[in-house]
$ cat start_27.txt   # compact mmCIF, C-alpha atoms
# COMPACT_ATOMS: atom_id res chain seq x y z
CA MET A 136 38.10 -24.49 -19.63
CA LYS A 137 39.44 -21.99 -17.12
CA ILE A 138 40.96 -18.81 -18.59
CA ASN A 139 43.62 -17.20 -16.42
CA LEU A 140 44.04 -13.46 -16.07
CA ARG A 141 47.29 -13.31 -18.08
CA GLU A 142 45.75 -15.01 -21.12
CA GLU A 143 42.74 -12.75 -20.82
CA GLU A 144 44.83 -9.58 -20.88
CA GLY A 145 46.99 -10.77 -23.77
CA GLY A 146 44.23 -12.20 -25.93
CA GLY A 147 41.61 -9.58 -25.16
CA PHE A 148 38.87 -12.17 -24.69
CA CYS A 149 37.26 -10.32 -21.76
CA ARG A 150 37.65 -6.75 -20.52
CA SER A 151 35.97 -7.30 -17.13
CA PHE A 152 37.78 -9.48 -14.62
CA LEU A 153 34.66 -9.89 -12.43
CA LEU A 154 32.38 -10.90 -15.30
CA CYS A 155 34.83 -13.51 -16.59
CA HIS A 156 36.01 -14.88 -13.24
CA GLY A 157 33.10 -14.27 -10.86
CA ARG A 158 32.20 -17.96 -10.99
CA ASP A 159 35.75 -18.85 -9.92
CA LEU A 160 35.94 -16.52 -6.90
CA PRO A 161 34.61 -18.22 -3.73
CA THR A 162 34.73 -14.94 -1.81
CA PHE A 163 32.21 -13.31 -4.14
CA SER A 164 30.01 -16.41 -4.23
CA ARG A 165 29.97 -16.57 -0.46
CA PHE A 166 28.39 -13.11 -0.29
CA GLY A 167 25.86 -13.81 -3.02
CA PHE A 168 27.57 -11.87 -5.83
CA GLY A 169 27.96 -15.02 -7.91
CA ARG A 170 24.21 -15.11 -8.45
CA ILE A 171 24.37 -11.69 -10.07
CA PHE A 172 27.35 -12.47 -12.28
CA ARG A 173 25.93 -15.80 -13.41
CA GLY A 174 22.42 -14.48 -14.02
CA GLY A 175 20.84 -16.48 -11.18
CA SER A 176 17.63 -15.66 -9.31
CA LEU A 177 18.21 -11.91 -9.57
CA ARG A 178 17.80 -10.65 -13.11
CA ASN A 179 19.98 -7.97 -14.65
CA GLY A 180 18.90 -4.54 -13.44
CA GLU A 181 16.65 -5.87 -10.66
CA SER A 182 17.05 -4.53 -7.13
CA SER A 183 18.06 -6.84 -4.29
CA HIS A 184 16.47 -4.58 -1.65
CA ALA A 185 13.85 -6.41 0.44
CA LEU A 186 12.55 -3.59 2.67
CA GLU A 187 10.10 -1.12 1.14
CA HIS A 188 7.87 1.73 2.23
CA GLY A 189 5.65 4.32 0.61
CA PHE A 190 2.40 6.27 0.64
CA ARG A 191 -0.76 6.48 -1.46
CA SER A 192 -3.60 8.94 -1.89
CA GLN A 193 -7.03 7.32 -1.87
CA PHE A 194 -10.53 7.94 -3.16
CA SER A 195 -13.00 5.70 -1.34
CA GLN A 196 -16.57 4.67 -2.06
CA GLY A 197 -18.94 2.94 0.34
CA THR A 198 -20.22 -0.48 -0.63
CA GLY A 199 -22.37 -3.26 0.82
CA PRO A 200 -24.65 -2.15 3.70
CA THR A 201 -23.06 1.32 3.77
CA ALA A 202 -23.29 2.04 0.04
CA ASP A 203 -26.25 4.41 0.56
CA LEU A 204 -24.96 5.92 3.81
CA LEU A 205 -21.51 7.22 2.84
CA ASP A 206 -20.67 9.68 0.11
CA GLY A 207 -17.28 9.35 -1.54
CA GLY A 208 -14.35 10.06 0.74
CA PHE A 209 -10.63 10.78 0.52
CA GLY A 210 -7.69 9.51 2.50
CA LEU A 211 -4.02 8.57 2.78
CA ASP A 212 -2.34 5.21 3.24
CA PHE A 213 1.20 4.78 4.61
CA PHE A 214 2.73 1.34 4.34
CA GLY A 215 5.93 -0.60 4.81
CA GLY A 216 6.91 -4.17 4.16
CA TYR A 217 9.46 -6.87 3.52
CA HIS A 218 9.60 -8.69 0.18
CA GLN A 219 12.55 -10.33 -1.56
CA PRO A 220 12.41 -9.42 -5.29
CA ASP A 221 12.76 -13.07 -6.38
CA ARG A 222 10.25 -14.50 -3.90
CA LEU A 223 6.49 -15.06 -4.21
CA LEU A 224 5.46 -14.23 -0.63
CA GLY A 225 6.03 -11.08 1.38
CA PHE A 226 4.66 -9.06 4.29
CA ARG A 227 3.33 -5.51 4.63
CA MET A 228 1.82 -3.19 7.27
CA ASP A 229 -0.71 -0.47 6.41
CA LEU A 230 -1.83 2.64 8.33
CA MET A 231 -4.67 4.50 6.63
CA PHE A 232 -6.88 7.52 7.28
CA HIS A 233 -10.24 8.12 5.54
CA ASN A 234 -12.67 11.01 5.76
CA PHE A 235 -16.26 10.48 4.57
CA LYS A 236 -19.34 12.67 4.41
CA LEU A 237 -22.64 11.12 5.47
CA SER A 238 -25.14 10.90 2.61
CA ASP A 239 -28.58 12.54 2.61
CA ALA A 240 -30.11 9.13 3.28
CA ALA A 241 -28.00 8.73 6.42
CA LEU A 242 -28.79 12.27 7.63
CA ALA A 243 -32.52 11.62 7.15
CA GLN A 244 -32.28 8.65 9.53
CA LEU A 245 -30.62 10.90 12.15
CA ASP A 246 -33.59 13.22 12.76
CA ASN A 247 -32.91 15.06 9.52
CA ALA A 248 -29.46 16.29 10.54
CA ASP A 249 -27.92 19.03 8.44
CA GLU A 250 -24.47 17.54 8.02
CA GLY A 251 -22.32 14.71 9.28
CA GLY A 252 -19.10 12.86 8.71
CA LEU A 253 -17.18 9.69 9.49
CA ARG A 254 -13.44 9.49 10.00
CA VAL A 255 -11.61 6.16 10.07
CA LEU A 256 -8.03 5.61 11.25
CA GLY A 257 -6.51 2.15 11.29
CA GLY A 258 -4.82 -0.64 9.44
CA GLY A 259 -2.94 -3.85 10.06
CA PRO A 260 -0.59 -6.54 8.71
CA SER A 261 -1.14 -8.38 5.44
CA LEU A 262 0.34 -11.38 3.67
CA VAL A 263 1.43 -10.43 0.15
CA ILE A 264 1.48 -12.69 -2.91
CA SER A 265 3.51 -11.04 -5.68
CA PRO A 266 4.99 -13.14 -8.50
CA PRO A 267 8.14 -11.72 -10.16
CA VAL A 268 6.76 -11.61 -13.71
CA GLY A 269 8.99 -8.90 -15.18
CA LYS A 270 11.51 -6.10 -14.70
CA ARG A 271 9.07 -3.23 -15.22
CA VAL A 272 5.75 -4.39 -13.74
CA ARG A 273 4.82 -6.49 -10.72
CA PRO A 274 1.29 -7.52 -9.64
CA SER A 275 0.32 -8.20 -6.04
CA LEU A 276 -2.52 -9.65 -4.00
CA TYR A 277 -2.69 -9.06 -0.24
CA ALA A 278 -5.07 -9.52 2.71
CA GLY A 279 -5.04 -9.44 6.49
CA PRO A 280 -6.78 -8.32 9.70
CA GLY A 281 -7.17 -4.71 10.74
CA PHE A 282 -7.80 -2.57 13.82
CA TYR A 283 -9.84 0.63 13.24
CA TYR A 284 -10.80 3.74 15.19
CA GLU A 285 -14.07 5.37 14.04
CA ASP A 286 -15.20 8.92 14.80
CA ALA A 287 -18.70 9.88 13.61
CA SER A 288 -20.16 13.37 14.08
CA VAL A 289 -23.55 14.90 13.21
CA THR A 290 -24.78 18.51 13.35
CA TRP A 291 -28.32 19.89 13.57
CA ASP A 292 -28.56 23.61 12.81
CA GLU A 293 -31.43 25.08 14.84
CA SER A 294 -31.60 28.46 13.12
CA CYS A 295 -31.87 27.68 9.41
CA SER A 296 -34.43 29.65 7.41
CA PRO A 297 -35.21 29.30 3.68
CA ILE A 298 -35.22 33.12 3.48
CA TYR A 299 -32.50 34.34 5.85
CA GLY A 300 -30.16 31.32 5.83
CA CYS A 301 -28.52 29.83 8.92
CA ASN A 302 -27.03 31.37 12.02
CA SER A 303 -23.85 29.39 12.50
CA GLY A 304 -23.82 30.08 16.24
CA ASP A 305 -27.06 28.21 16.98
CA TYR A 306 -26.64 24.46 16.49
CA THR A 307 -26.41 21.18 18.33
CA SER A 308 -24.14 18.30 17.53
CA GLY A 309 -23.57 14.68 18.41
CA ASN A 310 -20.43 12.57 18.35
CA MET A 311 -19.61 8.89 18.71
CA THR A 312 -16.28 7.07 18.72
CA THR A 313 -15.49 3.36 18.78
CA THR A 314 -12.64 0.96 18.04
CA ARG A 315 -13.36 -2.21 16.05
CA LEU A 316 -11.70 -5.15 14.36
CA GLY A 317 -12.00 -5.68 10.63
CA TRP A 318 -10.37 -7.01 7.48
CA GLN A 319 -8.54 -5.46 4.56
CA GLY A 320 -7.28 -6.70 1.24
CA GLY A 321 -6.49 -5.58 -2.24
CA VAL A 322 -4.92 -6.09 -5.63
CA GLY A 323 -2.22 -3.88 -7.07
CA LEU A 324 0.13 -3.27 -9.95
CA ASP A 325 3.56 -1.65 -9.51
CA PHE A 326 5.41 0.04 -12.37
CA LEU A 327 9.08 -0.26 -11.45
CA PHE A 328 11.94 2.10 -12.28
CA ASP A 329 15.50 2.81 -11.13
CA GLY A 330 16.34 -0.89 -11.17
CA GLY A 331 13.36 -1.75 -9.01
CA LEU A 332 14.26 0.67 -6.20
CA GLY A 333 11.22 2.84 -6.93
CA ALA A 334 7.70 2.18 -8.19
CA ILE A 335 4.47 3.96 -9.07
CA SER A 336 1.75 1.90 -7.42
CA PHE A 337 -1.92 1.44 -8.41
CA ASN A 338 -4.18 -0.45 -5.98
CA VAL A 339 -7.83 -1.27 -5.40
CA GLN A 340 -8.63 -2.29 -1.82
CA TYR A 341 -11.59 -3.60 0.13
CA VAL A 342 -12.03 -2.73 3.82
CA THR A 343 -14.73 -4.02 6.17
CA ILE A 344 -15.12 -2.95 9.81
CA ASN A 345 -17.19 -5.18 12.10
CA ASN A 346 -19.63 -2.87 13.91
CA THR A 347 -22.40 -4.08 16.20
CA HIS A 348 -25.44 -3.29 14.03
CA ALA A 349 -24.01 -2.93 10.53
CA ASP A 350 -20.54 -3.39 9.08
CA ILE A 351 -18.85 -0.45 7.42
CA GLU A 352 -17.54 -1.46 4.01
CA PHE A 353 -15.71 0.70 1.51
CA ILE A 354 -13.44 0.39 -1.51
CA PRO A 355 -10.36 2.66 -1.66
CA ILE A 356 -8.85 3.30 -5.10
CA ASN A 357 -5.19 4.28 -4.69
CA ILE A 358 -2.27 5.78 -6.54
CA GLY A 359 1.06 6.26 -4.83
CA TYR A 360 4.79 5.81 -4.69
CA LYS A 361 7.04 3.33 -2.92
CA VAL A 362 10.78 2.90 -2.59
CA GLY A 363 13.04 0.02 -1.58
CA PHE A 364 16.04 0.26 0.71

$ encode --input "start_27.txt" --output "structure tokens"
Amino acid sequence: MKINLREEEGGGFCRSFLLCHGRDLPTFSRFGFGRIFRGGSLRNGESSHALEHGFRSQFSQGTGPTADLLDGGFGLDFFGGYHQPDRLLGFRMDLMFHNFKLSDAALAQLDNADEGGLRVLGGGPSLVISPPVGKRVRPSLYAGPGFYYEDASVTWDESCSPIYGCNSGDYTSGNMTTTRLGWQGGVGLDFLFDGGLGAISFNVQYVTINNTHADIEFIPINIGYKVGF
């Protein structure tokens, strides 16, 4: 039964015209507001924003063939994406930077170098699978190809003495850079707030870079923040 506005005001059945009559207004339905009023695919309090971006700080640990060659490293990950809140599939793009120290085992293979490091800059697109399981938490699984720039450097100090220490002005160094293809993927859990516009994000990733002699593999553990708009 349709209740007109005059009966509603006189009888006091409903204090909100939009809540009572949203289903009867074609103008609102045409722009998608009817789904909100009728409790359709968007739940109460859930954001309708599809674009998102954010950043994460990362602690990374080498794994696979590079587990004994890389000490733990730190980095940053900047990302953006498109994901409708009520949809399963989405898209994201990552740009990450990692800084590792070479382990003692790696330095021993490089003519007993004194110190060395590896810096990785890269990222790529990923397909995201993220089921809308609740208002406050949202899991995700994502994977895709990557493009990575690697910069490795090693230093041999020629003036080190167990008694007098090292003269920092007397050393030799080596450097190598390359650009390689690879793969990235991860699992995450977002804790949503502000109606889904913001989220604290926890992620564990896996990155492999296809080098000529041995792949570089590492696992970044991330915590960060993202916002929808």

$ closest_residue --input "start_27.txt" --among "A:Gln193, A:Thr198, A:Thr290, A:Ser261" --to "A:Ile356" --atoms "only C-alpha atoms"
A:Gln193

$ atom_distance --input "start_27.txt" --atom1 "atom CA of A:Thr347" --atom2 "atom CA of A:Ser192"
29.2 Å

$ closest_residue --input "start_27.txt" --among "A:Thr307, A:Ser195, A:Thr343, A:Thr314" --to "A:Phe232" --atoms "all atoms listed in the file"
A:Ser195

$ closest_residue --input "start_27.txt" --among "A:Ser336, A:Asn247, A:Asn345, A:Ser275" --to "A:Val289" --atoms "only C-alpha atoms"
A:Asn247

$ residues_around --input "start_27.txt" --residues "A:Pro267" --least-positions-apart "6" --cutoff "10 Å" --atoms "all atoms listed in the file" --output "ChimeraX atom specification"
/A:219-223,273-275

$ atom_distance --input "start_27.txt" --atom1 "atom CA of A:Leu224" --atom2 "atom CA of A:Leu256"
26.8 Å

$ closest_residue --input "start_27.txt" --among "A:Gly251, A:Gly199, A:Gly281, A:Gly258" --to "A:Gly215" --atoms "all atoms listed in the file"
A:Gly258

$ closest_residue --input "start_27.txt" --among "A:Phe328, A:Trp318, A:Phe337, A:Tyr277" --to "A:Asp350" --atoms "all atoms listed in the file"
A:Trp318

$ closest_residue --input "start_27.txt" --among "A:Leu253, A:Ala278, A:Ile344, A:Ile264" --to "A:Ala241" --atoms "only C-alpha atoms"
A:Leu253

$ atom_distance --input "start_27.txt" --atom1 "atom CA of A:Ala240" --atom2 "atom CA of A:Leu205"
8.8 Å

$ residues_around --input "start_27.txt" --residues "A:Trp291" --least-positions-apart "3" --cutoff "8 Å" --atoms "all atoms listed in the file" --output "JSON, numbers by chain"
{"A": [247, 248, 249, 250, 306, 307, 308]}
